[in-house]
$ cat my_file38.cif   # mmCIF, C-alpha atoms and all ligand atoms
data_model
loop_
_atom_site.label_atom_id
_atom_site.label_comp_id
_atom_site.auth_asym_id
_atom_site.auth_seq_id
_atom_site.Cartn_x
_atom_site.Cartn_y
_atom_site.Cartn_z
CA MET A 240 -35.98 -30.80 51.70
CA LYS A 241 -37.28 -30.80 48.12
CA LEU A 242 -35.29 -31.42 44.94
CA TYR A 243 -36.47 -30.11 41.57
CA ASP A 244 -35.08 -32.73 39.26
CA TYR A 245 -35.15 -34.17 35.74
CA PHE A 246 -33.91 -37.67 35.07
CA ARG A 247 -31.72 -36.72 32.12
CA SER A 248 -30.21 -33.60 33.70
CA SER A 249 -26.58 -34.29 34.52
CA ALA A 250 -26.44 -31.33 36.91
CA ALA A 251 -29.38 -32.81 38.83
CA TYR A 252 -27.70 -36.24 38.60
CA ARG A 253 -24.75 -34.72 40.53
CA VAL A 254 -27.08 -33.63 43.31
CA ARG A 255 -28.83 -37.02 43.39
CA ILE A 256 -25.46 -38.73 43.90
CA ALA A 257 -24.48 -36.33 46.69
CA LEU A 258 -27.84 -36.79 48.44
CA ASN A 259 -27.49 -40.58 48.21
CA LEU A 260 -23.95 -40.45 49.60
CA LYS A 261 -25.28 -38.41 52.53
CA GLY A 262 -28.21 -40.77 53.03
CA ILE A 263 -30.80 -38.04 52.42
CA ALA A 264 -34.03 -38.80 50.54
CA PRO A 265 -35.72 -35.47 49.71
CA GLU A 266 -39.17 -34.89 48.34
CA ARG A 267 -38.88 -34.74 44.54
CA ALA A 268 -40.53 -32.59 41.90
CA PHE A 269 -39.88 -33.30 38.24
CA VAL A 270 -39.40 -30.53 35.70
CA HIS A 271 -39.82 -31.89 32.17
CA LEU A 272 -37.03 -30.02 30.39
CA ARG A 273 -37.77 -31.42 26.91
CA GLN A 274 -41.37 -30.14 27.21
CA GLY A 275 -40.11 -26.73 28.37
CA ALA A 276 -41.51 -26.90 31.91
CA GLN A 277 -38.44 -24.97 33.14
CA ARG A 278 -39.77 -21.91 31.29
CA GLU A 279 -43.29 -22.06 32.66
CA ALA A 280 -44.37 -19.46 35.19
CA GLY A 281 -44.54 -21.83 38.17
CA TYR A 282 -40.91 -22.87 37.86
CA LEU A 283 -39.59 -19.53 36.57
CA ASP A 284 -40.82 -17.93 39.78
CA LEU A 285 -38.57 -20.34 41.68
CA ASN A 286 -35.53 -20.18 39.42
CA PRO A 287 -35.32 -17.29 36.95
CA GLN A 288 -32.34 -19.05 35.34
CA TRP A 289 -34.75 -21.75 34.10
CA LEU A 290 -32.39 -24.55 35.02
CA VAL A 291 -32.54 -27.59 37.26
CA PRO A 292 -31.50 -28.60 39.87
CA LEU A 293 -33.06 -26.49 42.58
CA VAL A 294 -33.27 -27.43 46.24
CA VAL A 295 -35.75 -25.99 48.71
CA THR A 296 -34.37 -26.45 52.21
CA ASP A 297 -36.39 -27.56 55.23
CA ASP A 298 -36.57 -23.85 56.13
CA GLY A 299 -38.00 -22.93 52.74
CA GLU A 300 -34.78 -21.38 51.41
CA MET A 301 -33.95 -21.97 47.77
CA VAL A 302 -30.52 -23.02 46.57
CA THR A 303 -29.67 -23.23 42.87
CA GLN A 304 -26.49 -24.35 41.07
CA SER A 305 -25.51 -27.98 41.64
CA LEU A 306 -22.06 -27.25 43.04
CA ALA A 307 -23.45 -24.71 45.51
CA ILE A 308 -26.12 -27.23 46.54
CA ILE A 309 -23.53 -29.99 47.01
CA GLU A 310 -21.16 -27.82 49.04
CA TRP A 311 -24.10 -26.67 51.18
CA LEU A 312 -25.07 -30.31 51.72
CA ASP A 313 -21.49 -31.17 52.61
CA GLU A 314 -21.34 -28.36 55.18
CA THR A 315 -24.69 -29.21 56.75
CA HIS A 316 -24.23 -33.02 56.60
CA PRO A 317 -20.46 -33.54 56.96
CA ALA A 318 -20.38 -37.35 56.78
CA PRO A 319 -19.10 -38.72 54.51
CA PRO A 320 -17.06 -35.70 53.35
CA LEU A 321 -17.21 -34.84 49.67
CA LEU A 322 -14.09 -32.69 49.80
CA PRO A 323 -10.69 -33.81 51.16
CA GLY A 324 -8.89 -32.53 54.24
CA THR A 325 -6.30 -29.98 53.11
CA PRO A 326 -6.69 -26.73 51.15
CA LEU A 327 -4.48 -27.99 48.33
CA GLU A 328 -6.40 -31.26 48.04
CA ARG A 329 -9.67 -29.37 48.02
CA ALA A 330 -8.31 -27.12 45.28
CA ARG A 331 -7.44 -30.22 43.22
CA VAL A 332 -10.89 -31.75 43.64
CA ARG A 333 -12.65 -28.46 42.86
CA SER A 334 -10.41 -27.95 39.84
CA LEU A 335 -11.40 -31.38 38.45
CA ALA A 336 -15.08 -30.76 39.22
CA LEU A 337 -15.05 -27.30 37.64
CA THR A 338 -13.42 -28.65 34.49
CA VAL A 339 -16.68 -30.54 34.00
CA ALA A 340 -19.12 -28.04 35.46
CA CYS A 341 -17.72 -24.86 33.87
CA ASP A 342 -15.83 -25.96 30.77
CA ILE A 343 -17.65 -29.02 29.39
CA HIS A 344 -21.25 -29.19 30.59
CA PRO A 345 -22.43 -25.63 29.75
CA LEU A 346 -21.49 -26.10 26.09
CA ASN A 347 -23.67 -29.23 25.88
CA ASN A 348 -26.68 -27.90 27.73
CA LEU A 349 -30.12 -28.34 26.17
CA ARG A 350 -30.76 -24.64 25.59
CA VAL A 351 -27.35 -24.19 23.95
CA LEU A 352 -27.99 -27.13 21.62
CA GLN A 353 -31.49 -25.82 20.85
CA TYR A 354 -30.03 -22.40 20.01
CA LEU A 355 -27.57 -24.02 17.61
CA THR A 356 -30.28 -25.93 15.71
CA GLY A 357 -32.89 -23.17 16.07
CA PRO A 358 -31.80 -19.54 15.57
CA LEU A 359 -28.35 -20.47 14.21
CA GLY A 360 -29.71 -23.06 11.78
CA ALA A 361 -27.18 -25.83 12.51
CA SER A 362 -28.06 -29.37 11.37
CA ASP A 363 -28.53 -32.20 13.88
CA GLY A 364 -25.18 -33.59 12.68
CA ALA A 365 -23.42 -30.27 13.30
CA ARG A 366 -25.02 -30.07 16.75
CA ASP A 367 -23.79 -33.55 17.63
CA ALA A 368 -20.31 -32.75 16.31
CA TRP A 369 -20.23 -29.65 18.56
CA TYR A 370 -21.34 -31.74 21.54
CA ALA A 371 -18.80 -34.50 20.88
CA HIS A 372 -15.99 -32.01 20.24
CA TRP A 373 -16.34 -30.19 23.54
CA CYS A 374 -16.75 -33.45 25.45
CA GLU A 375 -13.60 -34.79 23.80
CA VAL A 376 -11.55 -31.67 24.57
CA GLY A 377 -12.63 -31.52 28.22
CA LEU A 378 -12.58 -35.23 28.96
CA GLY A 379 -9.20 -35.50 27.22
CA ALA A 380 -7.73 -32.94 29.61
CA LEU A 381 -9.21 -34.80 32.58
CA GLU A 382 -7.81 -38.11 31.29
CA THR A 383 -4.31 -36.63 31.02
CA ARG A 384 -4.47 -35.17 34.51
CA LEU A 385 -6.02 -38.14 36.26
CA ALA A 386 -3.65 -40.62 34.57
CA ARG A 387 -0.51 -38.77 35.64
CA GLU A 388 -1.33 -37.18 38.99
CA PRO A 389 -0.34 -39.34 41.98
CA ALA A 390 -3.37 -38.27 44.03
CA THR A 391 -5.65 -40.22 41.70
CA GLY A 392 -6.81 -43.49 43.19
CA ARG A 393 -9.76 -45.73 42.44
CA CYS A 394 -11.69 -42.45 42.44
CA CYS A 395 -10.57 -39.05 41.13
CA HIS A 396 -8.93 -38.24 44.47
CA GLY A 397 -7.91 -41.28 46.46
CA ASP A 398 -10.27 -44.20 46.90
CA ALA A 399 -13.36 -42.43 48.24
CA PRO A 400 -15.77 -40.42 46.08
CA THR A 401 -15.54 -36.64 46.09
CA LEU A 402 -17.12 -33.72 44.28
CA ALA A 403 -14.88 -34.54 41.30
CA ASP A 404 -16.42 -38.01 40.82
CA ILE A 405 -19.88 -36.56 41.37
CA CYS A 406 -19.28 -34.33 38.33
CA LEU A 407 -17.37 -36.83 36.21
CA VAL A 408 -19.82 -39.75 36.23
CA PRO A 409 -22.84 -37.76 34.93
CA GLN A 410 -20.67 -36.11 32.28
CA LEU A 411 -19.59 -39.51 30.96
CA ALA A 412 -23.26 -40.51 30.79
CA ASN A 413 -23.87 -37.37 28.70
CA ALA A 414 -20.92 -38.13 26.44
CA ARG A 415 -22.50 -41.48 25.53
CA ARG A 416 -25.37 -39.65 23.81
CA VAL A 417 -23.14 -38.60 20.89
CA PRO A 418 -20.69 -40.42 18.66
CA LEU A 419 -17.49 -40.28 20.72
CA ASP A 420 -15.08 -43.13 21.39
CA LEU A 421 -14.76 -43.20 25.16
CA ALA A 422 -12.10 -45.94 24.97
CA GLN A 423 -9.59 -43.09 24.58
CA PHE A 424 -10.26 -42.25 28.26
CA PRO A 425 -9.27 -45.48 30.11
CA THR A 426 -8.57 -43.75 33.42
CA LEU A 427 -11.95 -42.02 33.38
CA LEU A 428 -13.73 -45.28 32.54
CA ALA A 429 -11.96 -47.11 35.40
CA ILE A 430 -12.99 -44.37 37.84
CA GLU A 431 -16.54 -44.43 36.49
CA ALA A 432 -16.72 -48.21 36.99
CA ALA A 433 -15.45 -47.90 40.57
CA CYS A 434 -18.04 -45.21 41.32
CA LEU A 435 -20.95 -47.02 39.68
CA ALA A 436 -20.20 -50.02 41.88
CA LEU A 437 -21.25 -47.84 44.82
CA PRO A 438 -25.01 -47.90 45.55
CA ALA A 439 -25.16 -44.10 45.91
CA PHE A 440 -23.97 -43.64 42.33
CA ALA A 441 -25.88 -46.57 40.88
CA ALA A 442 -29.22 -45.46 42.36
CA ALA A 443 -28.82 -41.94 40.93
CA ALA A 444 -28.62 -43.15 37.32
CA PRO A 445 -31.05 -41.43 34.93
CA ALA A 446 -32.77 -44.68 33.88
CA LEU A 447 -33.70 -45.47 37.48
CA GLN A 448 -35.47 -42.19 38.25
CA PRO A 449 -39.27 -42.07 38.61
CA ASP A 450 -39.63 -39.66 35.66
CA ALA A 451 -37.37 -41.69 33.32
CA GLU A 452 -38.81 -42.22 29.83
N1 LIG B 501 -24.49 -24.63 36.33
C1 LIG B 501 -25.77 -25.22 36.55
C2 LIG B 501 -26.22 -25.89 35.29
C3 LIG B 501 -27.64 -26.38 35.38
C4 LIG B 501 -28.12 -26.86 34.03
O1 LIG B 501 -27.51 -26.54 33.00
N2 LIG B 501 -29.21 -27.61 34.02
C5 LIG B 501 -29.74 -28.08 32.78
C6 LIG B 501 -29.94 -29.60 32.82
S1 LIG B 501 -28.42 -30.44 33.05
C7 LIG B 501 -31.07 -27.44 32.50
O2 LIG B 501 -31.86 -27.24 33.40
N3 LIG B 501 -31.33 -27.10 31.22
C8 LIG B 501 -32.56 -26.52 30.82
C9 LIG B 501 -32.44 -25.90 29.46
O3 LIG B 501 -31.36 -25.93 28.88
O4 LIG B 501 -33.44 -25.36 29.00
C10 LIG B 501 -25.70 -26.21 37.70
O5 LIG B 501 -24.61 -26.77 37.91
O6 LIG B 501 -26.70 -26.42 38.40
#

$ encode --input "my_file38.cif" --output "structure tokens"
Amino acid sequence: MKLYDYFRSSAAYRVRIALNLKGIAPERAFVHLRQGAQREAGYLDLNPQWLVPLVVTDDGEMVTQSLAIIEWLDETHPAPPLLPGTPLERARVRSLALTVACDIHPLNNLRVLQYLTGPLGASDGARDAWYAHWCEVGLGALETRLAREPATGRCCHGDAPTLADICLVPQLANARRVPLDLAQFPTLLAIEAACLALPAFAAAAPALQPDAE
């Protein structure tokens, strides 16, 4: 298996956590997003969406989209499970994960930020305000839910990590790049601390990756 990765990509960070939880160490290729390597012919041929992560399976099949990769991993390597046992529980975990993956992260993606400061002429301050605003709105909703829903445990769903934690922890790392007071999210910070105490999460951190700068 081969993972196309970039240390600062939070979507790739999700996949790194899932791989670590499953005890899988794939071959790695690093796509330097800040230098635009995702738009170069070699990578574009693999993923016309010019995004990481991308996984090439042992059979040479390509899988894009971090949540699709993680669910594929979970189906092919069931232990430990990344989704809970009942349909309703799985819906809760996916709903938490998708709040990050669909409603927060895409608004903060590199190419969106570059479009704001490039063609739309926004200042760096306006770009950071955009980033912080959408993090605050999305993380605020997650804080409200996780603080009041009884299914929350040390992790987003009970005491074992699931897809929801795999999305939350990288998003909090992203949120620290802009001026945003994360103390307003005590439940999220407690879950993050519990997850980062696990080796699978700790080892996936951006600063520990071979391409970290
Ligand atoms: N929905 C995609 C999002 C992937 C994504 O946005 N990747 C970012 C890094 S976190 C990327 O490759 N950005 C390149 C760019 O914006 O040019 C997924 O979950 O895999």

$ residues_around --input "my_file38.cif" --residues "stretch 250-256 of chain A" --least-positions-apart "6" --cutoff "8 Å" --atoms "only C-alpha atoms" --output "list in words"
Asp244, Val291, Pro292, Ser305, Ile308, Ile309, Ile405, Cys406, Pro409, Ala439, Phe440, Ala442, Ala443, Ala444 and Pro445 of chain A

$ residues_near_point --input "my_file38.cif" --point "(-20.5, -49.1, 45.2)" --cutoff "12 Å" --atoms "only C-alpha atoms" --output "ChimeraX atom specification"
/A:256,259-260,393-394,398-400,430-443

$ closest_atom_pairs --input "my_file38.cif" --of "chain A" --to "ligand LIG 501 (chain B)" --cutoff "10 Å" --atoms "only C-alpha atoms and all ligand atoms" --output "JSON lines"
{"residue": "A:Tyr243", "atom": "CA", "partner": "B:LIG501", "partner_atom": "O2", "distance": 9.8}
{"residue": "A:Asp244", "atom": "CA", "partner": "B:LIG501", "partner_atom": "O2", "distance": 8.7}
{"residue": "A:Tyr245", "atom": "CA", "partner": "B:LIG501", "partner_atom": "C6", "distance": 7.5}
{"residue": "A:Phe246", "atom": "CA", "partner": "B:LIG501", "partner_atom": "C6", "distance": 9.3}
{"residue": "A:Arg247", "atom": "CA", "partner": "B:LIG501", "partner_atom": "S1", "distance": 7.2}
{"residue": "A:Ser248", "atom": "CA", "partner": "B:LIG501", "partner_atom": "S1", "distance": 3.7}
{"residue": "A:Ser249", "atom": "CA", "partner": "B:LIG501", "partner_atom": "S1", "distance": 4.5}
{"residue": "A:Ala250", "atom": "CA", "partner": "B:LIG501", "partner_atom": "S1", "distance": 4.4}
{"residue": "A:Ala251", "atom": "CA", "partner": "B:LIG501", "partner_atom": "S1", "distance": 6.3}
{"residue": "A:Tyr252", "atom": "CA", "partner": "B:LIG501", "partner_atom": "S1", "distance": 8.1}
{"residue": "A:Arg253", "atom": "CA", "partner": "B:LIG501", "partner_atom": "O5", "distance": 8.4}
{"residue": "A:Val254", "atom": "CA", "partner": "B:LIG501", "partner_atom": "O6", "distance": 8.7}
{"residue": "A:Val270", "atom": "CA", "partner": "B:LIG501", "partner_atom": "O2", "distance": 8.5}
{"residue": "A:His271", "atom": "CA", "partner": "B:LIG501", "partner_atom": "C8", "distance": 9.1}
{"residue": "A:Leu272", "atom": "CA", "partner": "B:LIG501", "partner_atom": "C8", "distance": 5.7}
{"residue": "A:Arg273", "atom": "CA", "partner": "B:LIG501", "partner_atom": "O4", "distance": 7.7}
{"residue": "A:Gln274", "atom": "CA", "partner": "B:LIG501", "partner_atom": "O4", "distance": 9.4}
{"residue": "A:Gly275", "atom": "CA", "partner": "B:LIG501", "partner_atom": "O4", "distance": 6.8}
{"residue": "A:Ala276", "atom": "CA", "partner": "B:LIG501", "partner_atom": "O4", "distance": 8.7}
{"residue": "A:Gln277", "atom": "CA", "partner": "B:LIG501", "partner_atom": "O4", "distance": 6.5}
{"residue": "A:Arg278", "atom": "CA", "partner": "B:LIG501", "partner_atom": "O4", "distance": 7.6}
{"residue": "A:Asn286", "atom": "CA", "partner": "B:LIG501", "partner_atom": "O2", "distance": 10.0}
{"residue": "A:Gln288", "atom": "CA", "partner": "B:LIG501", "partner_atom": "O2", "distance": 8.4}
{"residue": "A:Trp289", "atom": "CA", "partner": "B:LIG501", "partner_atom": "C8", "distance": 6.2}
{"residue": "A:Leu290", "atom": "CA", "partner": "B:LIG501", "partner_atom": "O2", "distance": 3.2}
{"residue": "A:Val291", "atom": "CA", "partner": "B:LIG501", "partner_atom": "O2", "distance": 3.9}
{"residue": "A:Pro292", "atom": "CA", "partner": "B:LIG501", "partner_atom": "O6", "distance": 5.5}
{"residue": "A:Leu293", "atom": "CA", "partner": "B:LIG501", "partner_atom": "O6", "distance": 7.6}
{"residue": "A:Val302", "atom": "CA", "partner": "B:LIG501", "partner_atom": "O6", "distance": 9.6}
{"residue": "A:Thr303", "atom": "CA", "partner": "B:LIG501", "partner_atom": "O6", "distance": 6.2}
{"residue": "A:Gln304", "atom": "CA", "partner": "B:LIG501", "partner_atom": "O6", "distance": 3.4}
{"residue": "A:Ser305", "atom": "CA", "partner": "B:LIG501", "partner_atom": "O6", "distance": 3.8}
{"residue": "A:Leu306", "atom": "CA", "partner": "B:LIG501", "partner_atom": "O5", "distance": 5.7}
{"residue": "A:Ala307", "atom": "CA", "partner": "B:LIG501", "partner_atom": "O5", "distance": 8.0}
{"residue": "A:Ile308", "atom": "CA", "partner": "B:LIG501", "partner_atom": "O6", "distance": 8.2}
{"residue": "A:Ile309", "atom": "CA", "partner": "B:LIG501", "partner_atom": "O5", "distance": 9.7}
{"residue": "A:Leu337", "atom": "CA", "partner": "B:LIG501", "partner_atom": "O5", "distance": 9.6}
{"residue": "A:Val339", "atom": "CA", "partner": "B:LIG501", "partner_atom": "O5", "distance": 9.6}
{"residue": "A:Ala340", "atom": "CA", "partner": "B:LIG501", "partner_atom": "O5", "distance": 6.1}
{"residue": "A:Cys341", "atom": "CA", "partner": "B:LIG501", "partner_atom": "N1", "distance": 7.2}
{"residue": "A:His344", "atom": "CA", "partner": "B:LIG501", "partner_atom": "O1", "distance": 7.2}
{"residue": "A:Pro345", "atom": "CA", "partner": "B:LIG501", "partner_atom": "O1", "distance": 6.1}
{"residue": "A:Leu346", "atom": "CA", "partner": "B:LIG501", "partner_atom": "O1", "distance": 9.2}
{"residue": "A:Asn347", "atom": "CA", "partner": "B:LIG501", "partner_atom": "O1", "distance": 8.5}
{"residue": "A:Asn348", "atom": "CA", "partner": "B:LIG501", "partner_atom": "O3", "distance": 5.2}
{"residue": "A:Leu349", "atom": "CA", "partner": "B:LIG501", "partner_atom": "O3", "distance": 3.8}
{"residue": "A:Arg350", "atom": "CA", "partner": "B:LIG501", "partner_atom": "O3", "distance": 3.6}
{"residue": "A:Val351", "atom": "CA", "partner": "B:LIG501", "partner_atom": "O3", "distance": 6.6}
{"residue": "A:Leu352", "atom": "CA", "partner": "B:LIG501", "partner_atom": "O3", "distance": 8.1}
{"residue": "A:Gln353", "atom": "CA", "partner": "B:LIG501", "partner_atom": "O3", "distance": 8.0}
{"residue": "A:Tyr354", "atom": "CA", "partner": "B:LIG501", "partner_atom": "O3", "distance": 9.6}
{"residue": "A:Cys406", "atom": "CA", "partner": "B:LIG501", "partner_atom": "O5", "distance": 9.3}
{"residue": "A:Pro409", "atom": "CA", "partner": "B:LIG501", "partner_atom": "S1", "distance": 9.4}
{"residue": "A:Gln410", "atom": "CA", "partner": "B:LIG501", "partner_atom": "S1", "distance": 9.6}
{"residue": "A:Asn413", "atom": "CA", "partner": "B:LIG501", "partner_atom": "S1", "distance": 9.4}

$ atom_distance --input "my_file38.cif" --atom1 "atom CA of A:Thr325" --atom2 "atom CA of A:Gly377"
25.7 Å

$ closest_residue --input "my_file38.cif" --among "A:Ala446, A:Ala451, A:Ile343, A:Ala318" --to "A:Leu411" --atoms "all atoms listed in the file"
A:Ile343

$ closest_residue --input "my_file38.cif" --among "A:Ala386, A:Thr401, A:Tyr370, A:Val376" --to "A:Ala414" --atoms "only C-alpha atoms"
A:Tyr370

$ residues_near_point --input "my_file38.cif" --point "(-24.4, -34.4, 15.3)" --cutoff "12 Å" --atoms "all atoms listed in the file" --output "PyMOL selection string"
chain A and resi 347+352+355-356+361-372+416-419

$ atom_distance --input "my_file38.cif" --atom1 "atom CA of A:Val332" --atom2 "atom CA of A:Leu312"
16.4 Å

$ axis_aligned_box --input "my_file38.cif" --around "stretch 245-248 of chain A" --padding-each-side "6 Å" --output "AutoDock Vina command-line options"
--center_x -32.7 --center_y -35.6 --center_z 33.9 --size_x 16.9 --size_y 16.1 --size_z 15.6

$ atom_distance --input "my_file38.cif" --atom1 "atom CA of A:Val294" --atom2 "atom CA of A:Gly324"
26.2 Å

$ closest_residue --input "my_file38.cif" --among "A:Gly397, A:Pro317, A:Pro449, A:Gly379" --to "A:Thr338" --atoms "all atoms listed in the file"
A:Gly379

$ closest_residue --input "my_file38.cif" --among "A:Leu402, A:Ala390, A:Ala422, A:Ala264" --to "A:Leu327" --atoms "all atoms listed in the file"
A:Ala390

$ closest_residue --input "my_file38.cif" --among "A:Gly281, A:Pro287, A:Pro320, A:Gly357" --to "A:Ala257" --atoms "all atoms listed in the file"
A:Pro320

$ decode --input "my_file38.cif" --residues "stretch 274-336 of chain A" --atoms "C-alpha atoms" --output "tab-separated table (two decimals), in the first residue's frame"
chain	number	residue	atom	x	y	z
A	274	GLN	CA	5.19	24.24	-3.85
A	275	GLY	CA	2.22	23.18	-6.01
A	276	ALA	CA	3.34	19.57	-6.58
A	277	GLN	CA	-0.34	18.50	-6.49
A	278	ARG	CA	-0.83	20.33	-9.81
A	279	GLU	CA	2.13	18.81	-11.59
A	280	ALA	CA	1.50	16.26	-14.31
A	281	GLY	CA	2.81	13.25	-12.39
A	282	TYR	CA	0.37	13.71	-9.53
A	283	LEU	CA	-2.51	15.09	-11.62
A	284	ASP	CA	-2.50	11.84	-13.59
A	285	LEU	CA	-3.14	10.02	-10.32
A	286	ASN	CA	-5.68	12.42	-8.81
A	287	PRO	CA	-7.33	14.93	-11.15
A	288	GLN	CA	-8.78	16.64	-8.06
A	289	TRP	CA	-5.23	17.75	-7.14
A	290	LEU	CA	-5.71	16.90	-3.49
A	291	VAL	CA	-4.01	14.61	-1.00
A	292	PRO	CA	-4.44	12.04	0.45
A	293	LEU	CA	-4.41	9.29	-2.13
A	294	VAL	CA	-3.88	5.62	-1.41
A	295	VAL	CA	-2.70	3.05	-3.94
A	296	THR	CA	-3.75	-0.38	-2.75
A	297	ASP	CA	-1.58	-3.50	-2.89
A	298	ASP	CA	-3.51	-4.37	-6.08
A	299	GLY	CA	-2.68	-1.03	-7.68
A	300	GLU	CA	-6.16	0.45	-7.23
A	301	MET	CA	-6.37	4.12	-6.34
A	302	VAL	CA	-8.61	5.45	-3.58
A	303	THR	CA	-9.04	9.19	-3.00
A	304	GLN	CA	-11.01	11.11	-0.34
A	305	SER	CA	-9.86	10.55	3.23
A	306	LEU	CA	-13.20	9.30	4.54
A	307	ALA	CA	-13.54	6.81	1.69
A	308	ILE	CA	-9.97	5.63	2.35
A	309	ILE	CA	-10.64	5.24	6.08
A	310	GLU	CA	-13.90	3.34	5.59
A	311	TRP	CA	-12.16	1.08	3.04
A	312	LEU	CA	-9.38	0.46	5.56
A	313	ASP	CA	-11.94	-0.28	8.26
A	314	GLU	CA	-13.72	-2.80	6.03
A	315	THR	CA	-10.52	-4.53	4.93
A	316	HIS	CA	-8.81	-4.41	8.36
A	317	PRO	CA	-11.69	-4.61	10.87
A	318	ALA	CA	-9.66	-4.47	14.10
A	319	PRO	CA	-9.88	-2.16	15.91
A	320	PRO	CA	-13.19	-0.88	14.49
A	321	LEU	CA	-13.38	2.80	13.64
A	322	LEU	CA	-17.16	2.84	13.55
A	323	PRO	CA	-19.45	1.61	16.36
A	324	GLY	CA	-21.78	-1.37	16.33
A	325	THR	CA	-25.30	-0.10	15.60
A	326	PRO	CA	-26.68	1.88	12.65
A	327	LEU	CA	-27.70	4.78	14.87
A	328	GLU	CA	-24.30	4.95	16.55
A	329	ARG	CA	-22.60	4.84	13.17
A	330	ALA	CA	-24.85	7.67	12.00
A	331	ARG	CA	-23.79	9.73	15.03
A	332	VAL	CA	-20.09	9.14	14.43
A	333	ARG	CA	-20.39	9.88	10.71
A	334	SER	CA	-22.40	13.00	11.47
A	335	LEU	CA	-19.64	14.30	13.77
A	336	ALA	CA	-16.94	13.38	11.25
